[in-house]
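Pasting final_16.cif here (mmCIF, C-alpha atoms (C1' of nucleotides)):
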data_data
#
loop_
_atom_site.label_atom_id
_atom_site.label_comp_id
_atom_site.auth_asym_id
_atom_site.auth_seq_id
_atom_site.Cartn_x
_atom_site.Cartn_y
_atom_site.Cartn_z
CA MET A 1 -50.34 -40.99 -75.79
CA GLU A 2 -51.52 -43.28 -72.97
CA VAL A 3 -52.54 -46.62 -74.47
CA TRP A 4 -49.01 -47.95 -74.66
CA LYS A 5 -48.61 -47.73 -70.87
CA GLU A 6 -51.46 -50.19 -70.35
CA PHE A 7 -48.88 -52.89 -70.91
CA GLU A 8 -47.71 -52.48 -67.33
CA HIS A 9 -51.16 -52.41 -65.81
CA ASN A 10 -52.00 -56.04 -66.27
CA ILE A 11 -53.69 -58.17 -63.65
CA ILE A 12 -50.72 -60.50 -63.72
CA THR A 13 -47.27 -60.69 -65.22
CA HIS A 14 -46.13 -63.42 -67.55
CA SER A 15 -43.85 -64.87 -64.90
CA ALA A 16 -46.46 -64.83 -62.15
CA ALA A 17 -49.04 -66.42 -64.45
CA HIS A 18 -46.68 -69.31 -65.13
CA HIS A 19 -45.93 -69.79 -61.45
CA LEU A 20 -49.67 -70.13 -60.86
CA MET A 21 -50.13 -72.49 -63.79
CA ALA A 22 -47.20 -74.56 -62.61
CA ILE A 23 -48.93 -75.07 -59.26
CA ALA A 24 -52.16 -76.04 -61.01
CA GLU A 25 -50.36 -78.53 -63.26
CA LEU A 26 -48.35 -80.03 -60.42
CA LEU A 27 -51.42 -80.40 -58.23
CA ASN A 28 -53.16 -82.06 -61.10
CA LYS A 29 -50.31 -84.41 -61.89
CA TYR A 30 -48.83 -85.22 -58.47
CA GLY A 31 -51.40 -83.97 -56.00
CA TYR A 32 -48.96 -81.55 -54.39
CA ALA A 33 -46.70 -78.62 -55.26
CA ARG A 34 -43.77 -77.26 -53.28
CA VAL A 35 -41.42 -74.37 -54.04
CA THR A 36 -38.84 -76.81 -55.39
CA ASP A 37 -41.37 -78.48 -57.67
CA VAL A 38 -42.48 -75.17 -59.11
CA ALA A 39 -38.87 -74.12 -59.64
CA ARG A 40 -38.02 -77.38 -61.38
CA HIS A 41 -41.18 -77.23 -63.48
CA LEU A 42 -40.30 -73.74 -64.68
CA GLY A 43 -36.59 -74.32 -65.00
CA ILE A 44 -35.59 -71.56 -62.56
CA THR A 45 -33.78 -71.67 -59.22
CA ARG A 46 -35.53 -72.32 -55.91
CA GLY A 47 -34.51 -68.88 -54.77
CA SER A 48 -36.27 -67.16 -57.65
CA ALA A 49 -39.39 -69.25 -57.24
CA SER A 50 -39.39 -68.62 -53.50
CA ILE A 51 -39.43 -64.86 -53.97
CA THR A 52 -42.09 -64.83 -56.68
CA LEU A 53 -44.28 -67.24 -54.75
CA LYS A 54 -43.93 -65.12 -51.62
CA ALA A 55 -45.38 -62.20 -53.56
CA LEU A 56 -48.19 -64.40 -54.87
CA LYS A 57 -48.98 -65.49 -51.31
CA GLU A 58 -49.14 -61.84 -50.28
CA ARG A 59 -51.54 -61.23 -53.16
CA ARG A 60 -53.64 -64.13 -51.87
CA LEU A 61 -53.45 -66.01 -55.14
CA VAL A 62 -51.40 -68.78 -53.58
CA VAL A 63 -51.91 -70.29 -50.15
CA GLU A 64 -49.76 -72.64 -48.12
CA ASP A 65 -50.73 -75.45 -45.78
CA GLU A 66 -49.05 -76.26 -42.45
CA ASN A 67 -46.32 -78.21 -44.25
CA LYS A 68 -45.46 -75.50 -46.76
CA PHE A 69 -47.31 -77.29 -49.54
CA LEU A 70 -48.67 -74.81 -52.05
CA LEU A 71 -52.29 -74.46 -53.09
CA LEU A 72 -54.23 -72.00 -55.22
CA SER A 73 -56.85 -69.75 -53.66
CA GLU A 74 -60.24 -69.50 -55.35
CA GLU A 75 -59.03 -66.34 -57.02
CA GLY A 76 -55.86 -68.08 -58.09
CA LYS A 77 -57.82 -70.96 -59.58
CA ASN A 78 -60.08 -68.61 -61.50
CA LEU A 79 -57.11 -66.74 -62.89
CA VAL A 80 -55.46 -69.96 -64.02
CA GLN A 81 -58.70 -71.14 -65.61
CA ALA A 82 -59.09 -67.88 -67.47
CA ILE A 83 -55.55 -67.87 -68.79
CA GLN A 84 -55.59 -71.52 -69.81
CA SER A 85 -58.87 -71.02 -71.57
CA LYS A 86 -57.46 -68.10 -73.53
CA ARG A 87 -54.41 -70.16 -74.39
CA ARG A 88 -56.49 -73.01 -75.78
CA VAL A 89 -58.59 -70.66 -77.87
CA LEU A 90 -55.52 -68.89 -79.20
CA ILE A 91 -53.72 -72.10 -80.09
CA LYS A 92 -56.81 -73.40 -81.86
CA PHE A 93 -57.13 -70.15 -83.77
CA PHE A 94 -53.48 -69.83 -84.75
CA GLN A 95 -53.13 -73.48 -85.65
CA ASP A 96 -56.45 -74.63 -87.08
CA VAL A 97 -57.71 -71.39 -88.55
CA LEU A 98 -54.63 -69.46 -89.59
CA GLY A 99 -52.51 -72.53 -90.22
CA VAL A 100 -49.54 -71.41 -88.16
CA ASN A 101 -47.22 -74.31 -87.42
CA PRO A 102 -47.91 -75.96 -84.04
CA GLU A 103 -44.69 -74.98 -82.25
CA LEU A 104 -45.02 -71.34 -83.20
CA ALA A 105 -48.73 -71.35 -82.42
CA GLU A 106 -47.90 -72.51 -78.92
CA ILE A 107 -45.17 -69.92 -78.44
CA ASP A 108 -47.32 -67.06 -79.71
CA ALA A 109 -50.26 -68.16 -77.58
CA CYS A 110 -48.02 -68.38 -74.52
CA LYS A 111 -46.76 -64.86 -75.10
CA VAL A 112 -50.19 -63.26 -75.28
CA GLU A 113 -52.51 -65.51 -73.27
CA HIS A 114 -52.16 -63.40 -70.13
CA LEU A 115 -52.36 -60.09 -71.99
CA ILE A 116 -55.55 -60.19 -74.00
CA SER A 117 -58.68 -58.94 -72.30
CA HIS A 118 -61.57 -61.01 -71.11
CA GLN A 119 -63.79 -59.52 -73.79
CA THR A 120 -61.43 -60.31 -76.62
CA GLY A 121 -60.89 -63.83 -75.31
CA GLU A 122 -64.60 -64.44 -75.15
CA LYS A 123 -65.26 -63.03 -78.58
CA LEU A 124 -62.51 -65.13 -80.06
CA LEU A 125 -64.07 -68.16 -78.43
CA ALA A 126 -67.44 -67.28 -79.91
CA PHE A 127 -65.82 -66.80 -83.29
CA ILE A 128 -64.13 -70.17 -83.20
CA LYS A 129 -67.27 -71.90 -82.00
CA PHE A 130 -69.17 -70.47 -84.92
CA LEU A 131 -66.37 -71.21 -87.36
CA PHE A 132 -66.25 -74.86 -86.35
CA SER A 133 -69.99 -75.26 -85.92
CA ASP A 134 -72.32 -77.18 -88.21
CA GLU A 135 -73.32 -73.93 -89.84
CA LYS A 136 -73.03 -74.51 -93.57
CA LYS A 137 -71.65 -71.04 -94.26
CA ALA A 138 -68.91 -71.51 -91.69
CA ARG A 139 -67.83 -74.87 -93.07
CA GLU A 140 -67.79 -73.62 -96.61
CA PHE A 141 -65.91 -70.47 -95.71
CA LEU A 142 -63.25 -72.34 -93.80
CA ARG A 143 -62.75 -74.80 -96.64
CA ALA A 144 -62.54 -71.97 -99.16
CA PHE A 145 -60.02 -70.07 -97.05
CA HIS A 146 -57.80 -73.06 -96.51
CA GLU A 147 -57.89 -73.87 -100.19
CA SER A 148 -57.00 -70.31 -101.09
CA SER A 149 -54.12 -69.96 -98.67
CA LEU A 150 -52.22 -72.91 -100.15
CA ASP A 151 -49.87 -73.20 -97.20
CA CYS A 152 -47.03 -71.05 -98.39
CA GLY A 153 -45.07 -71.56 -95.17
CA GLY A 154 -43.65 -68.07 -95.31
CA SER A 155 -41.80 -68.59 -98.57
CA GLU A 156 -40.40 -65.89 -100.81
CA SER A 157 -42.86 -66.71 -103.55
CA CYS A 158 -45.96 -66.20 -101.45
CA PRO A 159 -47.70 -62.93 -102.25
CA TYR A 160 -48.88 -62.53 -98.66
CA CYS A 161 -45.41 -63.03 -97.29
CA MET A 162 -44.05 -60.45 -99.67
CA ASP A 163 -46.74 -57.95 -98.78
CA ALA A 164 -45.23 -54.53 -98.31
CA CYS A 165 -47.43 -54.19 -95.28
CA LEU A 166 -45.46 -56.78 -93.32
CA LEU A 167 -41.78 -56.27 -93.95
CA ARG A 168 -39.85 -59.32 -92.78
CA PRO A 169 -39.62 -58.47 -89.07
CA GLU A 170 -37.96 -61.49 -87.40
CA SER A 171 -34.88 -60.93 -89.53
CA SER A 172 -34.17 -57.86 -87.42
CA MET B 1 -40.90 -76.67 -69.76
CA GLU B 2 -39.22 -74.16 -72.08
CA VAL B 3 -41.89 -72.43 -74.14
CA TRP B 4 -42.83 -69.98 -71.41
CA LYS B 5 -39.31 -68.54 -71.33
CA GLU B 6 -39.62 -67.44 -74.96
CA PHE B 7 -41.38 -64.38 -73.57
CA GLU B 8 -38.02 -62.86 -72.68
CA HIS B 9 -36.35 -63.74 -75.97
CA ASN B 10 -38.17 -61.24 -78.11
CA ILE B 11 -36.49 -59.11 -80.75
CA ILE B 12 -37.66 -56.03 -78.91
CA THR B 13 -39.37 -55.08 -75.65
CA HIS B 14 -42.66 -53.24 -75.46
CA SER B 15 -40.94 -50.10 -74.21
CA ALA B 16 -38.23 -50.13 -76.87
CA ALA B 17 -40.80 -50.72 -79.61
CA HIS B 18 -42.72 -47.64 -78.53
CA HIS B 19 -39.58 -45.53 -78.42
CA LEU B 20 -38.92 -46.52 -82.03
CA MET B 21 -42.50 -45.88 -83.08
CA ALA B 22 -42.42 -42.51 -81.34
CA ILE B 23 -39.44 -41.51 -83.46
CA ALA B 24 -41.21 -42.67 -86.61
CA GLU B 25 -44.35 -40.74 -85.74
CA LEU B 26 -42.48 -37.59 -84.77
CA LEU B 27 -40.42 -37.68 -87.96
CA ASN B 28 -43.59 -38.09 -89.91
CA LYS B 29 -45.42 -35.30 -88.14
CA TYR B 30 -42.72 -32.71 -87.47
CA GLY B 31 -39.79 -33.84 -89.57
CA TYR B 32 -37.51 -34.25 -86.57
CA ALA B 33 -37.31 -36.10 -83.26
CA ARG B 34 -35.17 -35.27 -80.25
CA VAL B 35 -34.86 -37.03 -76.89
CA THR B 36 -37.23 -34.48 -75.36
CA ASP B 37 -39.82 -35.00 -78.08
CA VAL B 38 -39.76 -38.76 -77.64
CA ALA B 39 -40.07 -38.38 -73.87
CA ARG B 40 -43.01 -35.99 -74.20
CA HIS B 41 -44.66 -38.19 -76.82
CA LEU B 42 -44.45 -41.20 -74.52
CA GLY B 43 -45.22 -39.35 -71.33
CA ILE B 44 -41.98 -40.28 -69.58
CA THR B 45 -39.07 -38.19 -68.34
CA ARG B 46 -36.18 -37.08 -70.52
CA GLY B 47 -33.83 -39.08 -68.34
CA SER B 48 -35.69 -42.31 -68.95
CA ALA B 49 -35.94 -41.71 -72.68
CA SER B 50 -32.26 -40.81 -72.82
CA ILE B 51 -31.24 -44.12 -71.30
CA THR B 52 -33.51 -46.28 -73.43
CA LEU B 53 -32.54 -44.41 -76.59
CA LYS B 54 -28.85 -44.82 -75.75
CA ALA B 55 -29.41 -48.59 -75.71
CA LEU B 56 -31.27 -48.39 -79.02
CA LYS B 57 -28.37 -46.43 -80.54
CA GLU B 58 -26.00 -49.13 -79.34
CA ARG B 59 -28.23 -51.70 -80.99
CA ARG B 60 -28.05 -49.67 -84.21
CA LEU B 61 -31.81 -49.27 -84.44
CA VAL B 62 -31.58 -45.54 -83.81
CA VAL B 63 -29.00 -43.18 -85.24
CA GLU B 64 -28.19 -39.57 -84.43
CA ASP B 65 -27.08 -36.74 -86.69
CA GLU B 66 -24.45 -34.11 -85.79
CA ASN B 67 -27.03 -32.07 -83.89
CA LYS B 68 -28.34 -34.92 -81.78
CA PHE B 69 -31.46 -35.26 -83.87
CA LEU B 70 -32.73 -38.83 -83.87
CA LEU B 71 -33.31 -41.00 -86.92
CA LEU B 72 -34.16 -44.63 -87.50
CA SER B 73 -31.67 -46.94 -89.16
CA GLU B 74 -32.91 -49.17 -91.98
CA GLU B 75 -33.27 -51.96 -89.47
CA GLY B 76 -35.17 -49.65 -87.13
CA LYS B 77 -37.50 -48.61 -89.93
CA ASN B 78 -38.20 -52.21 -90.87
CA LEU B 79 -38.94 -53.10 -87.28
CA VAL B 80 -41.36 -50.20 -86.91
CA GLN B 81 -43.06 -51.12 -90.18
CA ALA B 82 -43.46 -54.71 -89.07
CA ILE B 83 -44.90 -53.80 -85.69
CA GLN B 84 -47.27 -51.18 -87.06
CA SER B 85 -48.47 -53.57 -89.69
CA LYS B 86 -49.22 -56.19 -87.06
CA ARG B 87 -51.03 -53.62 -84.97
CA ARG B 88 -53.27 -52.60 -87.86
CA VAL B 89 -54.12 -56.19 -88.65
CA LEU B 90 -54.85 -56.97 -85.01
CA ILE B 91 -57.06 -53.92 -84.53
CA LYS B 92 -58.98 -54.74 -87.69
CA PHE B 93 -59.44 -58.32 -86.53
CA PHE B 94 -60.46 -57.51 -82.97
CA GLN B 95 -62.74 -54.69 -83.99
CA ASP B 96 -64.27 -55.61 -87.32
CA VAL B 97 -64.26 -59.37 -87.07
CA LEU B 98 -64.65 -60.16 -83.40
CA GLY B 99 -66.61 -57.02 -82.59
CA VAL B 100 -64.48 -55.96 -79.62
CA ASN B 101 -65.10 -52.34 -78.72
CA PRO B 102 -62.60 -49.93 -80.33
CA GLU B 103 -60.80 -48.77 -77.18
CA LEU B 104 -60.20 -52.30 -75.96
CA ALA B 105 -59.25 -53.48 -79.44
CA GLU B 106 -56.55 -50.82 -79.49
CA ILE B 107 -55.27 -51.70 -76.03
CA ASP B 108 -55.16 -55.43 -76.76
CA ALA B 109 -53.45 -54.86 -80.09
CA CYS B 110 -50.89 -52.60 -78.45
CA LYS B 111 -50.12 -55.25 -75.85
CA VAL B 112 -49.40 -58.00 -78.33
CA GLU B 113 -48.30 -56.27 -81.54
CA HIS B 114 -44.60 -56.66 -80.71
CA LEU B 115 -44.99 -60.22 -79.41
CA ILE B 116 -46.63 -62.19 -82.16
CA SER B 117 -44.39 -63.80 -84.72
CA HIS B 118 -43.92 -62.76 -88.30
CA GLN B 119 -45.63 -65.91 -89.49
CA THR B 120 -48.71 -65.43 -87.35
CA GLY B 121 -48.93 -61.78 -88.34
CA GLU B 122 -48.77 -62.67 -92.00
CA LYS B 123 -51.29 -65.44 -91.73
CA LEU B 124 -53.67 -63.18 -89.87
CA LEU B 125 -53.28 -60.65 -92.65
CA ALA B 126 -54.06 -63.29 -95.25
CA PHE B 127 -57.08 -64.37 -93.25
CA ILE B 128 -58.44 -60.86 -93.02
CA LYS B 129 -57.80 -60.20 -96.68
CA PHE B 130 -59.79 -63.26 -97.57
CA LEU B 131 -62.49 -62.49 -95.04
CA PHE B 132 -63.04 -59.02 -96.47
CA SER B 133 -62.56 -60.00 -100.09
CA ASP B 134 -65.24 -60.21 -102.74
CA GLU B 135 -65.39 -63.95 -102.22
CA LYS B 136 -69.06 -64.79 -101.80
CA LYS B 137 -68.42 -67.40 -99.13
CA ALA B 138 -66.43 -64.93 -97.05
CA ARG B 139 -69.09 -62.23 -97.22
CA GLU B 140 -71.86 -64.64 -96.34
CA PHE B 141 -69.91 -66.16 -93.50
CA LEU B 142 -69.07 -62.81 -91.98
CA ARG B 143 -72.68 -61.67 -92.17
CA ALA B 144 -73.88 -64.93 -90.63
CA PHE B 145 -71.36 -64.67 -87.80
CA HIS B 146 -72.20 -61.11 -86.97
CA GLU B 147 -75.90 -61.90 -86.99
CA SER B 148 -75.36 -64.88 -84.72
CA SER B 149 -73.20 -63.12 -82.18
CA LEU B 150 -75.84 -60.52 -81.33
CA ASP B 151 -73.42 -58.20 -79.58
CA CYS B 152 -73.81 -59.35 -76.00
CA GLY B 153 -71.20 -56.93 -74.72
CA GLY B 154 -70.00 -59.33 -72.07
CA SER B 155 -73.29 -59.44 -70.19
CA GLU B 156 -74.34 -62.05 -67.67
CA SER B 157 -77.03 -63.36 -69.96
CA CYS B 158 -74.73 -64.15 -72.86
CA PRO B 159 -74.12 -67.86 -73.21
CA TYR B 160 -70.58 -67.27 -74.47
CA CYS B 161 -69.75 -65.03 -71.56
CA MET B 162 -71.01 -67.63 -69.15
CA ASP B 163 -69.06 -70.37 -70.83
CA ALA B 164 -67.37 -72.52 -68.21
CA CYS B 165 -64.30 -72.44 -70.39
CA LEU B 166 -63.69 -68.73 -69.80
CA LEU B 167 -64.33 -67.97 -66.16
CA ARG B 168 -64.61 -64.20 -65.68
CA PRO B 169 -60.88 -63.39 -65.50
CA GLU B 170 -60.63 -59.59 -65.24
CA SER B 171 -62.65 -59.74 -62.03
CA SER B 172 -59.60 -61.24 -60.37
"C1'" DA C 1 -25.66 -88.08 -31.49
"C1'" DA C 2 -23.67 -86.79 -35.99
"C1'" DC C 3 -23.49 -86.34 -40.71
"C1'" DA C 4 -25.64 -85.98 -45.40
"C1'" DG C 5 -29.25 -84.52 -48.36
"C1'" DA C 6 -33.23 -81.99 -49.47
"C1'" DT C 7 -35.85 -77.90 -48.91
"C1'" DG C 8 -36.82 -73.04 -48.29
"C1'" DT C 9 -35.13 -68.31 -47.54
"C1'" DT C 10 -32.00 -64.57 -47.85
"C1'" DT C 11 -28.36 -61.77 -49.82
"C1'" DG C 12 -25.80 -59.60 -53.41
"C1'" DG C 13 -25.51 -58.88 -58.35
"C1'" DC C 14 -27.37 -58.16 -63.00
"C1'" DT C 15 -30.77 -56.15 -66.58
"C1'" DA C 16 -34.67 -53.36 -67.91
"C1'" DT C 17 -37.67 -49.82 -67.00
"C1'" DT C 18 -39.35 -46.07 -64.68
"C1'" DA C 19 -38.94 -41.26 -61.77
"C1'" DA C 20 -36.57 -37.53 -59.55
"C1'" DA C 21 -32.97 -34.68 -59.08
"C1'" DA C 22 -28.47 -32.87 -59.97
"C1'" DC C 23 -25.52 -31.37 -63.49
"C1'" DA C 24 -23.52 -29.68 -68.03
"C1'" DA C 25 -23.88 -27.17 -72.25
"C1'" DG C 26 -25.93 -24.14 -75.38
"C1'" DA C 27 -29.20 -20.12 -76.84
"C1'" DG C 28 -31.42 -15.94 -76.24
"C1'" DC C 29 -31.99 -11.78 -73.80
"C1'" DA C 30 -31.08 -7.70 -71.01
"C1'" DT D 1 -21.32 -10.24 -69.12
"C1'" DG D 2 -24.78 -12.45 -66.53
"C1'" DC D 3 -29.27 -14.67 -66.13
"C1'" DT D 4 -32.60 -17.96 -67.51
"C1'" DC D 5 -34.59 -21.54 -70.29
"C1'" DT D 6 -34.10 -25.68 -72.91
"C1'" DT D 7 -31.92 -29.80 -73.76
"C1'" DG D 8 -29.44 -33.94 -72.83
"C1'" DT D 9 -26.93 -36.89 -69.52
"C1'" DT D 10 -25.92 -38.94 -65.20
"C1'" DT D 11 -26.87 -40.50 -60.62
"C1'" DT D 12 -29.79 -42.46 -57.17
"C1'" DA D 13 -33.63 -45.15 -56.11
"C1'" DA D 14 -37.71 -48.20 -57.12
"C1'" DT D 15 -39.75 -52.55 -58.92
"C1'" DA D 16 -39.65 -57.00 -61.22
"C1'" DG D 17 -37.11 -60.99 -62.74
"C1'" DC D 18 -33.47 -63.80 -62.87
"C1'" DC D 19 -28.93 -66.38 -60.89
"C1'" DA D 20 -25.46 -67.91 -57.59
"C1'" DA D 21 -24.23 -68.72 -53.27
"C1'" DA D 22 -24.70 -68.72 -48.41
"C1'" DC D 23 -27.61 -69.97 -44.72
"C1'" DA D 24 -31.16 -72.21 -41.85
"C1'" DT D 25 -34.10 -76.22 -41.12
"C1'" DC D 26 -35.68 -80.59 -41.22
"C1'" DT D 27 -35.37 -85.50 -42.11
"C1'" DG D 28 -33.30 -89.87 -42.61
"C1'" DT D 29 -29.44 -92.83 -41.95
"C1'" DT D 30 -25.69 -94.69 -39.64
#
Conversion result in structure tokens:
Amino acid sequence: MEVWKEFEHNIITHSAAHHLMAIAELLNKYGYARVTDVARHLGITRGSASITLKALKERRLVVEDENKFLLLSEEGKNLVQAIQSKRRVLIKFFQDVLGVNPELAEIDACKVEHLISHQTGEKLLAFIKFLFSDEKKAREFLRAFHESSLDCGGSESCPYCMDACLLRPESS
Amino acid sequence: MEVWKEFEHNIITHSAAHHLMAIAELLNKYGYARVTDVARHLGITRGSASITLKALKERRLVVEDENKFLLLSEEGKNLVQAIQSKRRVLIKFFQDVLGVNPELAEIDACKVEHLISHQTGEKLLAFIKFLFSDEKKAREFLRAFHESSLDCGGSESCPYCMDACLLRPESS
DNA sequence: AACAGATGTTTGGCTATTAAAACAAGAGCA
DNA sequence: TGCTCTTGTTTTAATAGCCAAACATCTGTT
């Protein structure tokens, strides 16, 4: 009765998260980030970026120097780190554990990276670390799973894909 | 440059998905579902539910009988099935594999259930089926992982929680 | 000095989602 | 018949995102 409303109570929206990450990537690549650069990086207009970035400045996640060059606050940097870390873990999991194809793994990770909790992100990281560790049981399990799953690629003949539990959703 | 925009191109929004699931649950529990029932079930006003449901009728996911009682179309039913199936798989994974606490597992699952792709959902299902199968390697691996992870609960002393890769995000 | 180009902001419009409040239609009751 | 309650819709207003277009500023060139 209340859980579903949590969706709105996130620390950051998808759009805002990507504005922050754009700044981080631009700073990393070019050493600076302006409104125009962020807009171009995200493929949106300068006007849209300007408004969103204004809100992020008010939230103290983004700061501006005397020449209107954008920087991340400490809080902004931490947020970006956290989201990027979750993204990497998710991509690794989707791709190298589940065997989802790389493009889709990236899209799915991008959609949820800013939504999953700190705890879940951490536990997934721990899981993956153990799974890819030297632990004999982990190695053997992973090999056995990948041998069993036979890479059906979502075909009609795959028993998992035909499972009544997951009725072809994307077709909708 | 384009992946991040996929977030908007989903089959269904979080809100719409929960309107559909509300109808399914009400039909299941009481045998009928009206606008008022959906609104009450979701904790929103009748006006809001009316508008969202109107859009869902236009999209042919919801249909109405002569007395304004709501039903799901075949497409609507399939969508609900798909989302609920993903939710169950996600909760099981978060809770019983990763060891996330039940409340958080439910919240995280709710946030992403409508976002992850069919392929990822299916592959996660296959993974869990294998993980909880009779397969000796799966049982041993799961036991070894759960013994190793020692249930830190996100504390300061846990090496995973202090991992530089996941800098305390929710604090932001 | 004057124009051109780039940059940043603002304004008006659109969609989705919410609430609040007004309104319409029906049902039951006195 | 008249009153009230329930139900559903509509309108107005918010917020968050986006675009397009107008506008203001600054810089560099001629």
Exercise answer, chain A residues close to chain C, 10 Å and all atoms listed in the file, as a PDB file with C-alpha atoms, in the coordinates of the input:
ATOM      1  CA  ARG A  34     -43.770 -77.260 -53.280  1.00  0.00           C
ATOM      2  CA  VAL A  35     -41.420 -74.370 -54.040  1.00  0.00           C
ATOM      3  CA  THR A  36     -38.840 -76.810 -55.390  1.00  0.00           C
ATOM      4  CA  ARG A  46     -35.530 -72.320 -55.910  1.00  0.00           C
ATOM      5  CA  GLY A  47     -34.510 -68.880 -54.770  1.00  0.00           C
ATOM      6  CA  SER A  50     -39.390 -68.620 -53.500  1.00  0.00           C
ATOM      7  CA  ILE A  51     -39.430 -64.860 -53.970  1.00  0.00           C
ATOM      8  CA  LYS A  68     -45.460 -75.500 -46.760  1.00  0.00           C
TER       9      LYS A  68
END
Sorted by chain and rising residue number, which residues of chain A lie within 12 Å of chain D, and what are their closest atom pairs and distances in Å to one decimal, counting only C-alpha atoms (C1' of nucleotides), as JSON lines?
{"residue": "A:Glu8", "atom": "CA", "partner": "D:DA16", "partner_atom": "C1'", "distance": 11.1}
{"residue": "A:Ile12", "atom": "CA", "partner": "D:DA16", "partner_atom": "C1'", "distance": 11.9}
{"residue": "A:Thr13", "atom": "CA", "partner": "D:DA16", "partner_atom": "C1'", "distance": 9.4}
{"residue": "A:His14", "atom": "CA", "partner": "D:DG17", "partner_atom": "C1'", "distance": 10.5}
{"residue": "A:Ser15", "atom": "CA", "partner": "D:DG17", "partner_atom": "C1'", "distance": 8.1}
{"residue": "A:Ala16", "atom": "CA", "partner": "D:DG17", "partner_atom": "C1'", "distance": 10.1}
{"residue": "A:Gly43", "atom": "CA", "partner": "D:DC18", "partner_atom": "C1'", "distance": 11.2}
{"residue": "A:Ile44", "atom": "CA", "partner": "D:DC18", "partner_atom": "C1'", "distance": 8.1}
{"residue": "A:Thr45", "atom": "CA", "partner": "D:DC19", "partner_atom": "C1'", "distance": 7.4}
{"residue": "A:Arg46", "atom": "CA", "partner": "D:DC19", "partner_atom": "C1'", "distance": 10.2}
{"residue": "A:Gly47", "atom": "CA", "partner": "D:DC19", "partner_atom": "C1'", "distance": 8.7}
{"residue": "A:Ser48", "atom": "CA", "partner": "D:DC18", "partner_atom": "C1'", "distance": 6.8}
{"residue": "A:Ala49", "atom": "CA", "partner": "D:DC18", "partner_atom": "C1'", "distance": 9.8}
{"residue": "A:Ile51", "atom": "CA", "partner": "D:DG17", "partner_atom": "C1'", "distance": 9.9}
{"residue": "A:Thr52", "atom": "CA", "partner": "D:DG17", "partner_atom": "C1'", "distance": 8.7}
{"residue": "A:Ala55", "atom": "CA", "partner": "D:DA16", "partner_atom": "C1'", "distance": 10.9}
{"residue": "A:Asn67", "atom": "CA", "partner": "D:DC26", "partner_atom": "C1'", "distance": 11.3}
Compile the contact shell of stretch 131-143 of chain B as a ChimeraX atom specification: residues with an atom at most 9 Å away, counting all atoms listed in the file, same-chain residues fewer than 2 positions apart removed. /A:131,136-142,144-145 /B:97,126-129,145-148
Go through A:Lys57, A:Lys111, A:His118, A:Arg88 one by one, measure the shortest atom-to-atom distance of each to B:Val3 using all atoms listed in the file, and give the residue with the smallest value. A:Lys111
A straight line from atom CA of B:Glu25 to atom CA of B:Asp37 spans 10.6 Å
Could you check the closest approach to chain A for each of B:Leu79, B:Leu90, B:Leu53, B:Ala22 and tell me which residue wins, using all atoms listed in the file?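 Closest candidate: B:Leu79.
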Apply the PyMOL selection byres ((chain A and resi 114) around 9) to the structure shown and report the selected residues as a PDB file with C-alpha atoms, keeping the file's coordinate frame.
ATOM      1  CA  ASN A  10     -52.000 -56.040 -66.270  1.00  0.00           C
ATOM      2  CA  ILE A  11     -53.690 -58.170 -63.650  1.00  0.00           C
ATOM      3  CA  ILE A  12     -50.720 -60.500 -63.720  1.00  0.00           C
ATOM      4  CA  THR A  13     -47.270 -60.690 -65.220  1.00  0.00           C
ATOM      5  CA  HIS A  14     -46.130 -63.420 -67.550  1.00  0.00           C
ATOM      6  CA  ALA A  17     -49.040 -66.420 -64.450  1.00  0.00           C
ATOM      7  CA  ALA A  82     -59.090 -67.880 -67.470  1.00  0.00           C
ATOM      8  CA  ILE A  83     -55.550 -67.870 -68.790  1.00  0.00           C
ATOM      9  CA  GLN A  84     -55.590 -71.520 -69.810  1.00  0.00           C
ATOM     10  CA  LYS A  86     -57.460 -68.100 -73.530  1.00  0.00           C
ATOM     11  CA  ARG A  87     -54.410 -70.160 -74.390  1.00  0.00           C
ATOM     12  CA  CYS A 110     -48.020 -68.380 -74.520  1.00  0.00           C
ATOM     13  CA  LYS A 111     -46.760 -64.860 -75.100  1.00  0.00           C
ATOM     14  CA  VAL A 112     -50.190 -63.260 -75.280  1.00  0.00           C
ATOM     15  CA  GLU A 113     -52.510 -65.510 -73.270  1.00  0.00           C
ATOM     16  CA  LEU A 115     -52.360 -60.090 -71.990  1.00  0.00           C
ATOM     17  CA  ILE A 116     -55.550 -60.190 -74.000  1.00  0.00           C
ATOM     18  CA  SER A 117     -58.680 -58.940 -72.300  1.00  0.00           C
TER      19      SER A 117
END
Given 5 Å of margin on each side, can you work out the centre and size in Å (one decimal) of an axis-aligned box holding every listed atom of stretch 37-49 of chain A, as JSON?
{"center_x": -38.1, "center_y": -72.8, "center_z": -59.9, "size_x": 18.7, "size_y": 21.3, "size_z": 20.2}
Residues within 10 Å of A:Leu104, only C-alpha atoms (C1' of nucleotides), excluding chain neighbours under 3 positions, as a ChimeraX atom specification: /A:91,94-95,100-101,107-110 /B:3,116-117,119-120
Store the residues picked out above, limited to C-alpha atoms, as a compact mmCIF listing (two decimals), in the coordinates of the input.
# COMPACT_ATOMS: atom_id res chain seq x y z
CA ILE A 91 -53.72 -72.10 -80.09
CA PHE A 94 -53.48 -69.83 -84.75
CA GLN A 95 -53.13 -73.48 -85.65
CA VAL A 100 -49.54 -71.41 -88.16
CA ASN A 101 -47.22 -74.31 -87.42
CA ILE A 107 -45.17 -69.92 -78.44
CA ASP A 108 -47.32 -67.06 -79.71
CA ALA A 109 -50.26 -68.16 -77.58
CA CYS A 110 -48.02 -68.38 -74.52
CA VAL B 3 -41.89 -72.43 -74.14
CA ILE B 116 -46.63 -62.19 -82.16
CA SER B 117 -44.39 -63.80 -84.72
CA GLN B 119 -45.63 -65.91 -89.49
CA THR B 120 -48.71 -65.43 -87.35
